[in-house]
Amino acid sequence: MYCNECGRQFEGNFCPNCGSVAQNAYSTQPQAQTDFNDQYSDRDWLVTLLLSIILGGYGAHRFYCGKIGTGIIWLLTGGCFLVGYIVDLVTIAQGNFKDINGKIVRRESRFR
Ligand SMILES: [Zn+2]
């Protein structure tokens, strides 16, 4: 680890040259300008909704959105004994369901 200020190697958490602390060694990269569409999943909302209605008890919508882990739980527990099934259904219908990357499965514009 090297000092951001003077480039010298750190000793412990401090720069022996200028006294800069270790956290200053991490380059503070400017937040990348996030594309507006970047926060939205490329999963189709209608497909997700239909899967959750028809096969939601088997976690099909979760598999579709890449959530394999919870999909298996849904599959084994019948959508966590229908509670998770209903919660997911409502969440998807409201357009708040997120895929494995935390991106929102957005409702099609024609539904707004
Ligand atoms: Zn330094």
# chains A, B, ... in the order shown; residues from 1 in each chain; ligands from 1

call {"tool": "residues_near_ligand", "arguments": {"ligand": "ligand 1", "cutoff": "12 Å", "atoms": "only C-alpha atoms and all ligand atoms", "output": "ChimeraX atom specification"}}
result
/A:1-11,13-25

call {"tool": "write_last_selection", "arguments": {"atoms": "N, CA and C atoms", "output": "tab-separated table (two decimals), in the first residue's frame"}}
result
chain	number	residue	atom	x	y	z
A	1	MET	N	0.85	-1.20	0.00
A	1	MET	CA	0.00	0.00	0.00
A	1	MET	C	0.88	1.24	0.00
A	2	TYR	N	0.55	2.18	-0.85
A	2	TYR	CA	1.38	3.36	-1.00
A	2	TYR	C	0.56	4.62	-0.74
A	3	CYS	N	1.25	5.62	-0.31
A	3	CYS	CA	0.61	6.88	0.03
A	3	CYS	C	0.07	7.59	-1.20
A	4	ASN	N	-1.12	8.10	-1.07
A	4	ASN	CA	-1.72	8.86	-2.16
A	4	ASN	C	-1.07	10.22	-2.34
A	5	GLU	N	-0.57	10.73	-1.23
A	5	GLU	CA	-0.05	12.11	-1.24
A	5	GLU	C	1.34	12.18	-1.83
A	6	CYS	N	2.18	11.25	-1.36
A	6	CYS	CA	3.57	11.36	-1.76
A	6	CYS	C	4.12	10.10	-2.41
A	7	GLY	N	3.31	9.03	-2.40
A	7	GLY	CA	3.74	7.84	-3.12
A	7	GLY	C	4.63	6.92	-2.33
A	8	ARG	N	4.93	7.27	-1.09
A	8	ARG	CA	5.82	6.43	-0.30
A	8	ARG	C	5.05	5.26	0.29
A	9	GLN	N	5.76	4.17	0.53
A	9	GLN	CA	5.10	2.99	1.09
A	9	GLN	C	4.70	3.23	2.53
A	10	PHE	N	3.53	2.77	2.86
A	10	PHE	CA	3.04	2.94	4.23
A	10	PHE	C	3.82	2.08	5.21
A	11	GLU	N	3.92	2.60	6.42
A	11	GLU	CA	4.38	1.80	7.55
A	11	GLU	C	3.20	1.69	8.49
A	13	ASN	N	-0.37	1.99	9.41
A	13	ASN	CA	-1.48	2.74	8.83
A	13	ASN	C	-1.10	4.17	8.47
A	14	PHE	N	0.17	4.49	8.65
A	14	PHE	CA	0.56	5.87	8.40
A	14	PHE	C	1.67	5.96	7.38
A	15	CYS	N	1.66	7.03	6.66
A	15	CYS	CA	2.77	7.31	5.76
A	15	CYS	C	3.89	7.92	6.59
A	16	PRO	N	5.07	7.33	6.56
A	16	PRO	CA	6.18	7.84	7.36
A	16	PRO	C	6.69	9.18	6.85
A	17	ASN	N	6.33	9.51	5.65
A	17	ASN	CA	6.83	10.74	5.05
A	17	ASN	C	5.95	11.95	5.37
A	18	CYS	N	4.64	11.80	5.12
A	18	CYS	CA	3.77	12.96	5.28
A	18	CYS	C	2.69	12.75	6.34
A	19	GLY	N	2.63	11.55	6.93
A	19	GLY	CA	1.68	11.33	8.00
A	19	GLY	C	0.27	11.04	7.54
A	20	SER	N	0.10	10.89	6.24
A	20	SER	CA	-1.22	10.58	5.72
A	20	SER	C	-1.68	9.22	6.25
A	21	VAL	N	-2.97	9.10	6.56
A	21	VAL	CA	-3.47	7.84	7.11
A	21	VAL	C	-3.88	6.90	5.98
A	22	ALA	N	-4.01	5.62	6.37
A	22	ALA	CA	-4.17	4.56	5.38
A	22	ALA	C	-5.37	4.76	4.48
A	23	GLN	N	-6.45	5.30	5.05
A	23	GLN	CA	-7.65	5.38	4.23
A	23	GLN	C	-7.47	6.33	3.05
A	24	ASN	N	-6.48	7.20	3.19
A	24	ASN	CA	-6.20	8.08	2.06
A	24	ASN	C	-5.46	7.37	0.95
A	25	ALA	N	-5.03	6.15	1.25
A	25	ALA	CA	-4.28	5.41	0.24
A	25	ALA	C	-5.22	4.83	-0.82

call {"tool": "residues_around", "arguments": {"residues": "Leu55 in chain A", "least_positions_apart": "3", "cutoff": "12 Å", "atoms": "only C-alpha atoms", "output": "list in words"}}
result
Val47, Thr48, Leu49, Leu50, Leu51, Ser52, Tyr58, Gly59, Ala60, His61, Arg62, Phe63, Tyr64, Gly71, Trp74, Leu75, Gly78, Gly79, Leu82, Tyr85, Ile86, Asp88 and Leu89 of chain A

call {"tool": "select_by_dssp", "arguments": {"residues": "chain A", "states": "helix (DSSP H, G or I)", "output": "ChimeraX atom specification"}}
result
/A:22-25,36-39,45-58,60-64,68-81,83-94,109-111

call {"tool": "write_last_selection", "arguments": {"atoms": "C-alpha atoms", "output": "JSON list (two decimals), in the first residue's frame"}}
result
[["chain", "number", "residue", "atom", "x", "y", "z"],
["A", 22, "ALA", "CA", -4.17, 4.56, 5.38],
["A", 23, "GLN", "CA", -7.65, 5.38, 4.23],
["A", 24, "ASN", "CA", -6.20, 8.08, 2.06],
["A", 25, "ALA", "CA", -4.28, 5.41, 0.24],
["A", 36, "PHE", "CA", -30.72, 5.74, -15.80],
["A", 37, "ASN", "CA", -31.73, 2.43, -17.29],
["A", 38, "ASP", "CA", -28.95, 0.71, -15.38],
["A", 39, "GLN", "CA", -31.09, 0.41, -12.29],
["A", 45, "TRP", "CA", -41.96, -7.70, -16.21],
["A", 46, "LEU", "CA", -44.93, -9.46, -17.78],
["A", 47, "VAL", "CA", -43.08, -12.78, -17.96],
["A", 48, "THR", "CA", -42.07, -12.40, -14.31],
["A", 49, "LEU", "CA", -45.65, -11.62, -13.33],
["A", 50, "LEU", "CA", -47.13, -14.53, -15.25],
["A", 51, "LEU", "CA", -44.53, -16.91, -13.87],
["A", 52, "SER", "CA", -45.28, -15.74, -10.34],
["A", 53, "ILE", "CA", -49.01, -16.22, -10.86],
["A", 54, "ILE", "CA", -48.85, -19.61, -12.55],
["A", 55, "LEU", "CA", -45.71, -21.13, -11.08],
["A", 56, "GLY", "CA", -44.95, -18.77, -8.22],
["A", 57, "GLY", "CA", -45.39, -21.53, -5.68],
["A", 58, "TYR", "CA", -42.46, -23.27, -7.35],
["A", 60, "ALA", "CA", -40.31, -19.96, -11.18],
["A", 61, "HIS", "CA", -40.24, -16.16, -11.19],
["A", 62, "ARG", "CA", -37.24, -16.24, -8.85],
["A", 63, "PHE", "CA", -35.39, -18.67, -11.11],
["A", 64, "TYR", "CA", -36.26, -16.42, -14.04],
["A", 68, "ILE", "CA", -31.64, -19.51, -7.82],
["A", 69, "GLY", "CA", -31.05, -19.82, -4.09],
["A", 70, "THR", "CA", -34.39, -18.45, -2.95],
["A", 71, "GLY", "CA", -35.99, -20.10, -5.99],
["A", 72, "ILE", "CA", -35.03, -23.47, -4.57],
["A", 73, "ILE", "CA", -36.39, -22.46, -1.16],
["A", 74, "TRP", "CA", -39.65, -21.42, -2.86],
["A", 75, "LEU", "CA", -39.69, -24.72, -4.71],
["A", 76, "LEU", "CA", -39.23, -26.74, -1.53],
["A", 77, "THR", "CA", -41.60, -24.76, 0.66],
["A", 78, "GLY", "CA", -44.34, -23.93, -1.81],
["A", 79, "GLY", "CA", -43.37, -20.26, -1.89],
["A", 80, "CYS", "CA", -42.66, -20.30, 1.83],
["A", 81, "PHE", "CA", -46.11, -21.69, 2.51],
["A", 83, "VAL", "CA", -46.81, -16.18, 2.21],
["A", 84, "GLY", "CA", -43.76, -15.52, 0.06],
["A", 85, "TYR", "CA", -45.81, -16.37, -2.99],
["A", 86, "ILE", "CA", -48.31, -13.62, -2.24],
["A", 87, "VAL", "CA", -45.67, -11.11, -1.18],
["A", 88, "ASP", "CA", -43.76, -11.71, -4.42],
["A", 89, "LEU", "CA", -46.93, -11.46, -6.46],
["A", 90, "VAL", "CA", -47.81, -8.09, -4.97],
["A", 91, "THR", "CA", -44.23, -6.85, -5.21],
["A", 92, "ILE", "CA", -44.01, -7.80, -8.88],
["A", 93, "ALA", "CA", -47.45, -6.32, -9.63],
["A", 94, "GLN", "CA", -46.34, -3.05, -8.08],
["A", 109, "SER", "CA", -44.55, 1.39, -20.17],
["A", 110, "ARG", "CA", -47.85, 0.31, -21.67],
["A", 111, "PHE", "CA", -49.08, -0.51, -18.21]]

call {"tool": "select_by_dssp", "arguments": {"residues": "chain A", "states": "strand (DSSP E or B)", "output": "PyMOL selection string"}}
result
chain A and resi 2+9+11+14+21+40+98+104

call {"tool": "atom_distance", "arguments": {"atom1": "CA of Asp99 in chain A", "atom2": "CA of Lys67 in chain A"}}
result
6.8 Å

call {"tool": "atom_distance", "arguments": {"atom1": "CA of Asp44 in chain A", "atom2": "CA of Asn101 in chain A"}}
result
14.5 Å

call {"tool": "residues_around", "arguments": {"residues": "Asn96 in chain A", "least_positions_apart": "5", "cutoff": "8 Å", "atoms": "only C-alpha atoms", "output": "list in words"}}
result
Thr91, Ile104, Val105 and Arg106 of chain A

call {"tool": "write_last_selection", "arguments": {"atoms": "N, CA and C atoms", "output": "mmCIF file, in the first residue's frame"}}
result
data_model
loop_
_atom_site.group_PDB
_atom_site.id
_atom_site.type_symbol
_atom_site.label_atom_id
_atom_site.label_comp_id
_atom_site.auth_asym_id
_atom_site.auth_seq_id
_atom_site.Cartn_x
_atom_site.Cartn_y
_atom_site.Cartn_z
ATOM 1 N N THR A 91 -45.426 -7.637 -4.919
ATOM 2 C CA THR A 91 -44.228 -6.850 -5.210
ATOM 3 C C THR A 91 -44.008 -6.721 -6.716
ATOM 4 N N ILE A 104 -34.456 -3.430 -10.537
ATOM 5 C CA ILE A 104 -35.908 -3.525 -10.500
ATOM 6 C C ILE A 104 -36.439 -4.069 -11.812
ATOM 7 N N VAL A 105 -37.342 -5.045 -11.692
ATOM 8 C CA VAL A 105 -38.049 -5.549 -12.870
ATOM 9 C C VAL A 105 -39.180 -4.567 -13.154
ATOM 10 N N ARG A 106 -38.925 -3.716 -14.113
ATOM 11 C CA ARG A 106 -39.824 -2.587 -14.350
ATOM 12 C C ARG A 106 -41.050 -2.996 -15.153
#
